[in-house]
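K.L.:
Input: one structure, supplied below.
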Amino acid sequence: MYKVLLVDDEILVREAISAKIEWNKLGFELAKDCENGKDAIEFMKENPVDVVLTDICMPYIDGMGLSKFVYENFPQTTIIIFSGYSDFEYAKMAIQYKVAEYILKPVTAKELSEVLVRIKEKLDSERQQEQKMDELTKVYHSYTKNESLIISRTLSRLVKGTQEVETSLKELEEFGISVEGDSYRVVAVDIDVYSDLYEVDDELKKESALMSFVVENISSEIVGNHKAGLAYRDSDNRVCLLFHTNKPKEFAAEAVKICSEIKETVYDTMKLSISMGIGKYVNSLDELYKSYDSAAEMLKYRYTKGGGVIFDCEKEVMAGNPMELEQDFKDIASALRSKDEKTLTDTINHIESWMKTGYVRRNKCVAYLHQVLRIIYETVLETEENFQLDDSEISNITDARSIEKAVGLIRDYAARGLEAALAAGQSSGERQAVMAIDYLKENYSNPDLSLNHICEYLNISTSRFSSIFKETTGKTFTEVLTNIRMERAKQLLRQTSLKNYEIAEKVGFSDPHYFSIAFKKMTGKTPKEYAREN
């Protein structure tokens, strides 16, 4: 049974919910009902619960204050809010405090029961996951004390060449393990979420040991079923496979098949994405380290290829010819000089595609992207002397953990460069028109906003401004302002349940009647008709 705390300042509401919900049948127990958030907090300090069912508007501490307390002190507790308030600000706060359900009053017993059924399914799933993790942890702790750990360490030393082969084989023989074959291949397996594709904190590092233990068990079972070799974990929690065979040509396809089976099983079992590098063939145990090094090296291509990939170094690996980028570098400079946004975008896309389809090492990718940054900076500087290239922008490219993130930063910088180049090429009148539109977009909600406000802001006469503005935009000041206000009004009508007078006020109309007339004149519909249709 999951314990529920009911919080509402109206006693009739509490009594109705208490009586009408079949708590036991739904798998819940009503632990307590409180009339405000303050009482609820005092109760929870001594009596933790699984679910808090609360109203928003209450004395002393309201529902949002209670949700904040639960979120900060009892993160495992599920929060359900039922309230007469549909304001967007409440919904935003509810998201912030990880509220599971936000129900508008009046709420029926049927509706609340359906919500509780959904919550129970979620809690059941979380509890099962916790039990599963507890069981795995117990097995893992047992593993760290038994012979499996000794075997893994011996295999790791054998594969990395840090111990004499004869010594390693003798140690393995004591556990009844032999490594025999004419050819050998090592496979390096990384769990993507714990790899250098992501930031890994201390908490994740602890978790990675347990998860790699699971991957090792799955790998060991599958490799054993195929009688293809051994699976083990090395000292940094990387799982490795040691394949041995007397028929290397026939085994090539089998190795990839086994790796694919492991990758799919790990994902189906634990929802974890893994990447695998299959090292080259070696013909003696003394050379195993060469196979391991080549396997580990292949995993470095995840920077451009992404996670969840099997890399086979025996397949042809085609590195891109850097000379191909010379034309791209020229095209970027040309596009910026001619203010050609499409060519600029297409060229950056081509550079990204070239890096992804070829086998380009991370340090090379970073060097090419630094060169792109420098080209953008130097080209824009020809017309805009204040354009900057900060050290932080260079270091952000270096530190990006995937090609997508790095190229995304390039796109942002290129967009700023193009914007600066366009602005430098504008006449003073065009710049003033752009500044005026930006000012209108920021201040459209002011009902007193007028032509004089704009002209004072730009320090220009009204007649001069009107002439420049109409020439640049093709519209008058009033037309542009009205259009901005109406676009915002349409957005509010589509996305909120605000009243007409509230929307009128938010978009700068002090007279709701005049707002309705202006809205119909522009759209052909009244605000109510537009809201109903959208």
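Chain labels follow the order of the structure tokens: the first chain is A, the next B, and so on; residue numbering restarts at 1 in every chain, and ligands are counted from 1 in their shown order.
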Could you pull out the helix (DSSP H, G or I) residues of segment 377-437 of chain A, going by DSSP on the backbone, and write them as a PyMOL selection string?
P.N.:
chain A and resi 377-381+391-399+403-425+428-437
K.L.:
Please produce a file of those selected residues containing N, CA and C atoms, as a compact mmCIF listing (two decimals), in the first residue's frame.
P.N.:
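As a result, out_23.txt now contains:
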# COMPACT_ATOMS: atom_id res chain seq x y z
N TYR A 377 35.84 35.06 -38.41
CA TYR A 377 36.27 36.26 -37.69
C TYR A 377 37.00 37.23 -38.62
N GLU A 378 37.96 36.73 -39.37
CA GLU A 378 38.77 37.61 -40.21
C GLU A 378 37.96 38.21 -41.36
N THR A 379 36.99 37.45 -41.90
CA THR A 379 36.19 37.95 -43.01
C THR A 379 35.24 39.05 -42.54
N VAL A 380 34.57 38.82 -41.41
CA VAL A 380 33.64 39.84 -40.90
C VAL A 380 34.40 41.09 -40.47
N LEU A 381 35.62 40.89 -39.97
CA LEU A 381 36.43 42.01 -39.50
C LEU A 381 36.76 42.99 -40.64
N ASP A 391 38.29 33.99 -26.49
CA ASP A 391 38.96 32.72 -26.16
C ASP A 391 37.96 31.65 -25.73
N SER A 392 36.88 32.09 -25.08
CA SER A 392 35.87 31.13 -24.61
C SER A 392 35.22 30.40 -25.77
N GLU A 393 35.04 31.10 -26.91
CA GLU A 393 34.41 30.45 -28.08
C GLU A 393 35.34 29.40 -28.67
N ILE A 394 36.62 29.65 -28.62
CA ILE A 394 37.59 28.66 -29.11
C ILE A 394 37.63 27.46 -28.16
N SER A 395 37.67 27.73 -26.86
CA SER A 395 37.74 26.63 -25.89
C SER A 395 36.45 25.82 -25.86
N ASN A 396 35.30 26.45 -26.10
CA ASN A 396 34.03 25.71 -26.14
C ASN A 396 34.00 24.70 -27.28
N ILE A 397 34.61 25.08 -28.41
CA ILE A 397 34.72 24.14 -29.53
C ILE A 397 35.61 22.96 -29.13
N THR A 398 36.71 23.27 -28.46
CA THR A 398 37.66 22.23 -28.03
C THR A 398 37.01 21.27 -27.05
N ASP A 399 36.20 21.80 -26.14
CA ASP A 399 35.62 20.99 -25.07
C ASP A 399 34.34 20.26 -25.47
N ILE A 403 30.61 15.99 -32.39
CA ILE A 403 30.71 16.86 -33.56
C ILE A 403 29.46 17.73 -33.70
N GLU A 404 28.28 17.17 -33.30
CA GLU A 404 27.05 17.95 -33.41
C GLU A 404 27.11 19.21 -32.54
N LYS A 405 27.60 19.04 -31.30
CA LYS A 405 27.68 20.19 -30.39
C LYS A 405 28.71 21.20 -30.89
N ALA A 406 29.85 20.71 -31.37
CA ALA A 406 30.89 21.61 -31.85
C ALA A 406 30.43 22.41 -33.07
N VAL A 407 29.80 21.73 -34.03
CA VAL A 407 29.32 22.41 -35.24
C VAL A 407 28.15 23.34 -34.89
N GLY A 408 27.37 22.97 -33.88
CA GLY A 408 26.30 23.87 -33.43
C GLY A 408 26.86 25.20 -32.96
N LEU A 409 27.99 25.17 -32.27
CA LEU A 409 28.65 26.40 -31.82
C LEU A 409 29.18 27.20 -33.02
N ILE A 410 29.68 26.49 -34.02
CA ILE A 410 30.14 27.15 -35.25
C ILE A 410 28.97 27.87 -35.93
N ARG A 411 27.83 27.19 -35.99
CA ARG A 411 26.65 27.79 -36.64
C ARG A 411 26.24 29.08 -35.90
N ASP A 412 26.26 29.02 -34.57
CA ASP A 412 25.89 30.21 -33.79
C ASP A 412 26.84 31.37 -34.09
N TYR A 413 28.13 31.07 -34.14
CA TYR A 413 29.12 32.13 -34.38
C TYR A 413 28.98 32.66 -35.81
N ALA A 414 28.73 31.75 -36.77
CA ALA A 414 28.55 32.18 -38.16
C ALA A 414 27.32 33.08 -38.29
N ALA A 415 26.24 32.75 -37.56
CA ALA A 415 25.03 33.57 -37.61
C ALA A 415 25.31 34.97 -37.07
N ARG A 416 26.10 35.03 -35.97
CA ARG A 416 26.45 36.34 -35.42
C ARG A 416 27.34 37.12 -36.40
N GLY A 417 28.22 36.40 -37.07
CA GLY A 417 29.09 37.04 -38.05
C GLY A 417 28.30 37.59 -39.22
N LEU A 418 27.34 36.80 -39.72
CA LEU A 418 26.51 37.26 -40.83
C LEU A 418 25.68 38.46 -40.43
N GLU A 419 25.13 38.41 -39.21
CA GLU A 419 24.34 39.54 -38.70
C GLU A 419 25.19 40.80 -38.62
N ALA A 420 26.44 40.65 -38.13
CA ALA A 420 27.33 41.81 -38.04
C ALA A 420 27.69 42.34 -39.42
N ALA A 421 27.90 41.42 -40.37
CA ALA A 421 28.23 41.84 -41.74
C ALA A 421 27.05 42.57 -42.38
N LEU A 422 25.85 42.07 -42.13
CA LEU A 422 24.65 42.73 -42.68
C LEU A 422 24.48 44.12 -42.07
N ALA A 423 24.67 44.20 -40.76
CA ALA A 423 24.50 45.48 -40.07
C ALA A 423 25.52 46.50 -40.57
N ALA A 424 26.75 46.02 -40.82
CA ALA A 424 27.81 46.93 -41.29
C ALA A 424 27.50 47.44 -42.70
N GLY A 425 26.76 46.63 -43.46
CA GLY A 425 26.43 47.03 -44.82
C GLY A 425 25.17 47.88 -44.92
N SER A 428 22.64 54.14 -42.44
CA SER A 428 22.25 54.58 -41.10
C SER A 428 20.73 54.57 -40.96
N GLY A 429 20.03 54.89 -42.05
CA GLY A 429 18.57 54.88 -42.00
C GLY A 429 18.02 53.49 -41.80
N GLU A 430 18.61 52.49 -42.49
CA GLU A 430 18.16 51.10 -42.33
C GLU A 430 18.41 50.62 -40.90
N ARG A 431 19.57 50.99 -40.34
CA ARG A 431 19.87 50.59 -38.97
C ARG A 431 18.88 51.18 -37.98
N GLN A 432 18.49 52.44 -38.23
CA GLN A 432 17.52 53.08 -37.35
C GLN A 432 16.15 52.40 -37.45
N ALA A 433 15.78 51.97 -38.65
CA ALA A 433 14.50 51.27 -38.83
C ALA A 433 14.52 49.94 -38.08
N VAL A 434 15.65 49.21 -38.17
CA VAL A 434 15.77 47.94 -37.46
C VAL A 434 15.71 48.16 -35.95
N MET A 435 16.41 49.19 -35.47
CA MET A 435 16.38 49.51 -34.04
C MET A 435 14.97 49.87 -33.58
N ALA A 436 14.24 50.57 -34.46
CA ALA A 436 12.87 50.96 -34.12
C ALA A 436 11.97 49.73 -33.98
N ILE A 437 12.11 48.77 -34.89
CA ILE A 437 11.29 47.55 -34.83
C ILE A 437 11.63 46.75 -33.57
K.L.:
Report as a PyMOL selection string all protein, DNA and RNA residues lying within 12 Å of Glu166 of chain A, evaluated on only C-alpha atoms, omitting residues in the same chain fewer than 6 positions from it.
P.N.:
chain A and resi 154+157-158+172-173+178-179+285-286
K.L.:
How far is it from atom CA of Thr343 of chain A to atom CA of Gln388 of chain A, in Å with one decimal?
P.N.:
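Computing it gives 22.4 Å between the two atoms.
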K.L.:
Write out as a short mmCIF file (atom, residue, chain, number, x, y, z; two decimals) with all heavy atoms, in the first residue's frame which residues come within 12 Å of segment 38-46 of chain A when counting only C-alpha atoms, dropping same-chain ones fewer than 2 positions away.
P.N.:
data_model
loop_
_atom_site.label_atom_id
_atom_site.label_comp_id
_atom_site.auth_asym_id
_atom_site.auth_seq_id
_atom_site.Cartn_x
_atom_site.Cartn_y
_atom_site.Cartn_z
N LYS A 3 1.21 5.24 0.81
CA LYS A 3 0.59 6.18 1.74
C LYS A 3 0.35 7.53 1.07
O LYS A 3 1.22 8.06 0.38
CB LYS A 3 1.47 6.36 2.97
CG LYS A 3 1.57 5.11 3.82
CD LYS A 3 2.39 5.36 5.07
CE LYS A 3 2.44 4.10 5.95
NZ LYS A 3 3.22 4.29 7.18
N VAL A 4 -0.86 8.08 1.31
CA VAL A 4 -1.27 9.35 0.72
C VAL A 4 -1.53 10.37 1.82
O VAL A 4 -2.16 10.06 2.83
CB VAL A 4 -2.55 9.19 -0.14
CG1 VAL A 4 -2.98 10.53 -0.72
CG2 VAL A 4 -2.34 8.16 -1.24
N LEU A 5 -1.05 11.61 1.59
CA LEU A 5 -1.36 12.73 2.47
C LEU A 5 -2.26 13.69 1.71
O LEU A 5 -1.89 14.18 0.64
CB LEU A 5 -0.06 13.44 2.90
CG LEU A 5 -0.23 14.71 3.75
CD1 LEU A 5 -0.94 14.40 5.06
CD2 LEU A 5 1.11 15.37 4.00
N LEU A 6 -3.45 13.96 2.24
CA LEU A 6 -4.43 14.84 1.60
C LEU A 6 -4.39 16.21 2.28
O LEU A 6 -4.48 16.30 3.51
CB LEU A 6 -5.84 14.23 1.71
CG LEU A 6 -7.01 15.09 1.26
CD1 LEU A 6 -6.91 15.44 -0.23
CD2 LEU A 6 -8.34 14.36 1.53
N VAL A 7 -4.26 17.29 1.48
CA VAL A 7 -4.12 18.63 2.05
C VAL A 7 -5.09 19.59 1.35
O VAL A 7 -4.98 19.81 0.13
CB VAL A 7 -2.68 19.17 1.91
CG1 VAL A 7 -2.49 20.42 2.76
CG2 VAL A 7 -1.65 18.10 2.28
N ASP A 8 -6.03 20.15 2.10
CA ASP A 8 -6.99 21.13 1.57
C ASP A 8 -7.59 21.88 2.74
O ASP A 8 -7.90 21.28 3.78
CB ASP A 8 -8.09 20.43 0.76
CG ASP A 8 -8.86 21.41 -0.11
OD1 ASP A 8 -9.44 22.38 0.45
OD2 ASP A 8 -8.89 21.21 -1.33
N ASP A 9 -7.76 23.21 2.59
CA ASP A 9 -8.27 23.99 3.71
C ASP A 9 -9.79 23.88 3.86
O ASP A 9 -10.36 24.35 4.85
CB ASP A 9 -7.86 25.47 3.57
CG ASP A 9 -8.43 26.11 2.32
OD1 ASP A 9 -8.61 25.38 1.31
OD2 ASP A 9 -8.69 27.32 2.33
N ALA A 31 -3.10 8.26 4.80
CA ALA A 31 -2.36 8.34 6.05
C ALA A 31 -2.84 9.47 6.93
O ALA A 31 -2.86 9.37 8.16
CB ALA A 31 -0.87 8.50 5.77
N LYS A 32 -3.28 10.59 6.31
CA LYS A 32 -3.63 11.78 7.08
C LYS A 32 -4.27 12.79 6.16
O LYS A 32 -4.00 12.81 4.96
CB LYS A 32 -2.35 12.37 7.71
CG LYS A 32 -2.53 13.68 8.47
CD LYS A 32 -3.10 13.47 9.85
CE LYS A 32 -3.07 14.76 10.65
NZ LYS A 32 -3.79 14.66 11.93
N ASP A 33 -5.16 13.65 6.70
CA ASP A 33 -5.61 14.82 5.94
C ASP A 33 -5.31 16.07 6.77
O ASP A 33 -5.52 16.09 7.99
CB ASP A 33 -7.09 14.73 5.57
CG ASP A 33 -8.00 14.72 6.77
OD1 ASP A 33 -8.25 13.61 7.32
OD2 ASP A 33 -8.44 15.80 7.17
N CYS A 34 -4.77 17.11 6.11
CA CYS A 34 -4.37 18.35 6.78
C CYS A 34 -5.06 19.53 6.13
O CYS A 34 -5.41 19.48 4.93
CB CYS A 34 -2.86 18.54 6.69
SG CYS A 34 -1.91 17.25 7.49
N GLU A 35 -5.22 20.62 6.89
CA GLU A 35 -5.96 21.76 6.34
C GLU A 35 -5.05 22.84 5.75
O GLU A 35 -5.54 23.83 5.22
CB GLU A 35 -6.87 22.38 7.41
CG GLU A 35 -6.16 22.93 8.62
CD GLU A 35 -7.15 23.51 9.62
OE1 GLU A 35 -8.33 23.66 9.25
OE2 GLU A 35 -6.75 23.79 10.75
N ASN A 36 -3.73 22.68 5.83
CA ASN A 36 -2.83 23.64 5.18
C ASN A 36 -1.44 23.03 5.04
O ASN A 36 -1.13 21.97 5.62
CB ASN A 36 -2.75 24.96 5.97
CG ASN A 36 -2.32 24.75 7.41
OD1 ASN A 36 -1.22 24.25 7.65
ND2 ASN A 36 -3.19 25.10 8.36
N PRO A 48 6.92 10.13 6.65
CA PRO A 48 7.05 10.24 5.18
C PRO A 48 5.93 9.49 4.46
O PRO A 48 5.47 8.44 4.93
CB PRO A 48 8.41 9.58 4.90
CG PRO A 48 9.14 9.67 6.19
CD PRO A 48 8.10 9.52 7.27
N VAL A 49 5.48 10.05 3.34
CA VAL A 49 4.40 9.43 2.55
C VAL A 49 4.88 9.27 1.11
O VAL A 49 5.89 9.83 0.70
CB VAL A 49 3.12 10.28 2.60
CG1 VAL A 49 2.56 10.34 4.01
CG2 VAL A 49 3.36 11.68 2.05
N ASP A 50 4.12 8.49 0.35
CA ASP A 50 4.47 8.24 -1.05
C ASP A 50 3.86 9.27 -1.99
O ASP A 50 4.44 9.60 -3.02
CB ASP A 50 4.01 6.84 -1.47
CG ASP A 50 4.64 5.76 -0.62
OD1 ASP A 50 5.88 5.61 -0.70
OD2 ASP A 50 3.92 5.08 0.13
N VAL A 51 2.65 9.77 -1.63
CA VAL A 51 1.92 10.70 -2.50
C VAL A 51 1.36 11.84 -1.66
O VAL A 51 0.81 11.61 -0.58
CB VAL A 51 0.76 9.99 -3.24
CG1 VAL A 51 -0.01 10.98 -4.12
CG2 VAL A 51 1.27 8.83 -4.07
N VAL A 52 1.53 13.07 -2.17
CA VAL A 52 0.89 14.24 -1.56
C VAL A 52 -0.15 14.77 -2.53
O VAL A 52 0.17 15.09 -3.68
CB VAL A 52 1.91 15.34 -1.22
CG1 VAL A 52 1.21 16.61 -0.78
CG2 VAL A 52 2.87 14.88 -0.14
N LEU A 53 -1.39 14.83 -2.07
CA LEU A 53 -2.51 15.32 -2.87
C LEU A 53 -2.93 16.65 -2.27
O LEU A 53 -3.45 16.71 -1.15
CB LEU A 53 -3.65 14.29 -2.80
CG LEU A 53 -4.93 14.57 -3.56
CD1 LEU A 53 -4.67 14.73 -5.05
CD2 LEU A 53 -5.92 13.44 -3.34
N THR A 54 -2.68 17.77 -2.96
CA THR A 54 -2.85 19.08 -2.33
C THR A 54 -3.56 20.10 -3.20
O THR A 54 -3.43 20.09 -4.43
CB THR A 54 -1.48 19.65 -1.90
OG1 THR A 54 -1.67 20.92 -1.27
CG2 THR A 54 -0.54 19.83 -3.09
N ASP A 55 -4.29 20.99 -2.53
CA ASP A 55 -4.87 22.17 -3.17
C ASP A 55 -3.77 23.24 -3.26
O ASP A 55 -2.72 23.12 -2.62
CB ASP A 55 -6.05 22.67 -2.33
CG ASP A 55 -6.82 23.79 -3.03
OD1 ASP A 55 -6.65 23.93 -4.26
OD2 ASP A 55 -7.56 24.50 -2.35
N MET A 58 -4.24 27.98 0.14
CA MET A 58 -4.43 27.61 1.55
C MET A 58 -3.70 28.62 2.43
O MET A 58 -2.73 29.25 1.98
CB MET A 58 -3.87 26.20 1.82
CG MET A 58 -4.53 25.09 1.03
SD MET A 58 -3.82 23.46 1.43
CE MET A 58 -2.15 23.64 0.83
N PRO A 59 -4.13 28.79 3.68
CA PRO A 59 -3.44 29.73 4.57
C PRO A 59 -2.09 29.19 5.05
O PRO A 59 -1.81 28.00 4.92
CB PRO A 59 -4.42 29.87 5.74
CG PRO A 59 -5.19 28.59 5.75
CD PRO A 59 -5.31 28.18 4.31
N TYR A 60 -1.27 30.08 5.62
CA TYR A 60 0.06 29.78 6.18
C TYR A 60 1.06 29.37 5.10
O TYR A 60 1.93 30.14 4.72
CB TYR A 60 -0.04 28.71 7.27
CG TYR A 60 -1.01 29.07 8.38
CD1 TYR A 60 -2.18 28.33 8.58
CD2 TYR A 60 -0.77 30.17 9.20
CE1 TYR A 60 -3.08 28.67 9.58
CE2 TYR A 60 -1.67 30.52 10.20
CZ TYR A 60 -2.83 29.77 10.39
OH TYR A 60 -3.70 30.12 11.37
N ILE A 61 0.94 28.16 4.61
CA ILE A 61 1.79 27.71 3.49
C ILE A 61 0.88 27.11 2.42
O ILE A 61 0.12 26.19 2.70
CB ILE A 61 2.82 26.65 3.96
CG1 ILE A 61 3.81 27.27 4.96
CG2 ILE A 61 3.59 26.08 2.76
CD1 ILE A 61 4.82 26.29 5.52
N ASP A 62 0.92 27.68 1.20
CA ASP A 62 0.01 27.21 0.16
C ASP A 62 0.55 25.96 -0.53
O ASP A 62 1.61 25.42 -0.16
CB ASP A 62 -0.27 28.32 -0.86
CG ASP A 62 0.97 28.73 -1.64
OD1 ASP A 62 2.01 28.04 -1.53
OD2 ASP A 62 0.92 29.72 -2.38
N GLY A 63 -0.19 25.48 -1.53
CA GLY A 63 0.18 24.24 -2.21
C GLY A 63 1.52 24.30 -2.91
O GLY A 63 2.25 23.30 -2.96
N MET A 64 1.86 25.48 -3.47
CA MET A 64 3.15 25.60 -4.14
C MET A 64 4.30 25.60 -3.12
O MET A 64 5.37 25.04 -3.37
CB MET A 64 3.19 26.88 -4.99
CG MET A 64 2.42 26.75 -6.29
SD MET A 64 3.00 25.32 -7.27
CE MET A 64 1.68 25.22 -8.48
N GLY A 65 4.08 26.22 -1.98
CA GLY A 65 5.09 26.19 -0.92
C GLY A 65 5.31 24.78 -0.42
O GLY A 65 6.44 24.34 -0.17
N LEU A 66 4.21 24.04 -0.28
CA LEU A 66 4.30 22.64 0.14
C LEU A 66 5.02 21.81 -0.93
O LEU A 66 5.87 20.97 -0.61
CB LEU A 66 2.89 22.08 0.38
CG LEU A 66 2.79 20.58 0.69
CD1 LEU A 66 3.61 20.21 1.92
CD2 LEU A 66 1.32 20.18 0.89
N SER A 67 4.70 22.05 -2.22
CA SER A 67 5.35 21.32 -3.31
C SER A 67 6.85 21.57 -3.32
O SER A 67 7.65 20.66 -3.54
CB SER A 67 4.75 21.74 -4.66
OG SER A 67 3.38 21.40 -4.73
N LYS A 68 7.23 22.81 -3.06
CA LYS A 68 8.66 23.16 -3.01
C LYS A 68 9.36 22.39 -1.87
O LYS A 68 10.45 21.84 -2.05
CB LYS A 68 8.82 24.67 -2.79
CG LYS A 68 10.27 25.17 -2.78
CD LYS A 68 10.28 26.69 -2.70
CE LYS A 68 11.71 27.24 -2.80
NZ LYS A 68 12.54 26.94 -1.66
N PHE A 69 8.69 22.34 -0.70
CA PHE A 69 9.27 21.61 0.44
C PHE A 69 9.44 20.13 0.10
O PHE A 69 10.48 19.53 0.37
CB PHE A 69 8.37 21.77 1.67
CG PHE A 69 8.75 20.86 2.81
CD1 PHE A 69 9.77 21.20 3.68
CD2 PHE A 69 8.09 19.65 3.00
CE1 PHE A 69 10.15 20.35 4.72
CE2 PHE A 69 8.44 18.80 4.05
CZ PHE A 69 9.48 19.15 4.91
N VAL A 70 8.41 19.53 -0.50
CA VAL A 70 8.46 18.10 -0.84
C VAL A 70 9.55 17.85 -1.87
O VAL A 70 10.34 16.90 -1.75
CB VAL A 70 7.08 17.62 -1.38
CG1 VAL A 70 7.18 16.19 -1.91
CG2 VAL A 70 6.03 17.70 -0.28
N TYR A 71 9.62 18.71 -2.89
CA TYR A 71 10.62 18.57 -3.96
C TYR A 71 12.04 18.61 -3.40
O TYR A 71 12.91 17.85 -3.82
CB TYR A 71 10.42 19.69 -4.98
CG TYR A 71 11.50 19.80 -6.02
CD1 TYR A 71 11.64 18.84 -7.04
CD2 TYR A 71 12.41 20.86 -6.00
CE1 TYR A 71 12.63 18.94 -7.99
CE2 TYR A 71 13.41 20.97 -6.96
CZ TYR A 71 13.51 20.01 -7.94
OH TYR A 71 14.51 20.11 -8.88
N GLU A 72 12.28 19.50 -2.42
CA GLU A 72 13.62 19.70 -1.88
C GLU A 72 13.98 18.67 -0.80
O GLU A 72 15.16 18.34 -0.62
CB GLU A 72 13.76 21.11 -1.30
CG GLU A 72 13.72 22.20 -2.38
CD GLU A 72 13.73 23.60 -1.79
OE1 GLU A 72 13.53 23.72 -0.55
OE2 GLU A 72 13.91 24.57 -2.55
N ASN A 73 12.97 18.16 -0.07
CA ASN A 73 13.27 17.29 1.07
C ASN A 73 12.86 15.82 0.88
O ASN A 73 13.43 14.94 1.51
CB ASN A 73 12.58 17.84 2.33
CG ASN A 73 13.12 19.20 2.73
OD1 ASN A 73 14.15 19.29 3.39
ND2 ASN A 73 12.45 20.27 2.31
N PHE A 74 11.85 15.59 0.04
CA PHE A 74 11.38 14.22 -0.19
C PHE A 74 11.23 14.00 -1.70
O PHE A 74 10.11 13.86 -2.22
CB PHE A 74 10.04 13.97 0.51
CG PHE A 74 10.10 14.10 2.01
CD1 PHE A 74 9.80 15.31 2.64
CD2 PHE A 74 10.46 13.02 2.80
CE1 PHE A 74 9.87 15.43 4.02
CE2 PHE A 74 10.53 13.13 4.18
CZ PHE A 74 10.24 14.34 4.80
N THR A 77 8.83 11.47 -3.27
CA THR A 77 7.38 11.59 -3.06
C THR A 77 6.72 12.22 -4.27
O THR A 77 7.19 13.23 -4.80
CB THR A 77 7.10 12.44 -1.80
OG1 THR A 77 7.67 11.79 -0.66
CG2 THR A 77 5.61 12.61 -1.59
#
K.L.:
How many Å lie between atom CA of Val214 of chain A and atom CA of Gln163 of chain A, rounded to one decimal?
P.N.:
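Between atom CA of Val214 of chain A and atom CA of Gln163 of chain A the gap is 26.9 Å.
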K.L.:
What's around Arg118 of chain A at 12 Å? Count only C-alpha atoms, leave out sequence neighbours fewer than 5 positions away in its own chain, and write the answer as a PyMOL selection string.
P.N.:
chain A and resi 26-27+78+80+100-101+111-113+123-125
K.L.:
I need the strand (DSSP E or B) residues of segment 167-414 of chain A per DSSP on the backbone, written as an MDAnalysis selection string.
P.N.:
chainID A and resid 183:191 229:233 239:245 274:278 282 310:312
K.L.:
Rounded to one decimal, what separation in Å do you get between atom CA of Tyr501 of chain A and atom CA of Lys441 of chain A?
P.N.:
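Distance reported for this atom pair: 20.6 Å.
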K.L.:
Excluding same-chain residues fewer than 4 positions from Leu155 of chain A, what lies within 12 Å of it counting only C-alpha atoms, as number ranges by chain?
P.N.:
A: 148-151, 159-165, 167-173, 177-179, 186, 229-235, 239-242, 285, 288-289, 292
K.L.:
Smallest atom-to-atom distance to Ala333 of chain A: which of A:Leu373, A:Lys475, A:Glu384, A:Asn363, using only C-alpha atoms?
P.N.:
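Checking each candidate against Ala333 of chain A, we get A:Leu373 as the closest.
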K.L.:
Could you give me, as a PyMOL selection string, the residues within 8 Å of Thr245 of chain A, counting only C-alpha atoms and dropping anything in the same chain fewer than 3 positions from it?
P.N.:
chain A and resi 180-184+228+248+251
K.L.:
Identify which of the residues A:Leu481, A:Glu352, A:Tyr359, A:Arg185 lies closest to Gly277 of chain A, counting only C-alpha atoms when measuring atom-to-atom distances.
P.N.:
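Ranking A:Leu481, A:Glu352, A:Tyr359, A:Arg185 by distance to Gly277 of chain A, first place goes to A:Arg185.
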K.L.:
As a PyMOL selection string, please: the residues near segment 463-465 of chain A (cut-off 9 Å, only C-alpha atoms, same-chain neighbours under 3 positions excluded).
P.N.:
chain A and resi 429+432-433+451+454-455+458+460+468-470
K.L.:
How would the residues just picked look written out with C-alpha atoms as a compact mmCIF listing (two decimals), in the first residue's frame?
P.N.:
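This is the output file part-v5.txt:
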# COMPACT_ATOMS: atom_id res chain seq x y z
CA GLY A 429 18.57 54.88 -42.00
CA GLN A 432 17.52 53.08 -37.35
CA ALA A 433 14.50 51.27 -38.83
CA LEU A 451 5.86 57.82 -32.60
CA ILE A 454 10.53 56.06 -30.83
CA CYS A 455 11.95 59.33 -32.11
CA LEU A 458 16.53 57.24 -31.71
CA ILE A 460 15.59 61.79 -34.69
CA ILE A 468 13.05 56.48 -43.35
CA PHE A 469 10.75 53.90 -41.73
CA LYS A 470 8.27 53.81 -44.62
K.L.:
Find, counting only C-alpha atoms, the residue in A:Tyr102, A:Phe28, A:Phe509, A:Phe243 that gets nearest to Tyr281 of chain A.
P.N.:
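Checking each of A:Tyr102, A:Phe28, A:Phe509, A:Phe243 against Tyr281 of chain A, counting only C-alpha atoms, the winner is A:Phe243.
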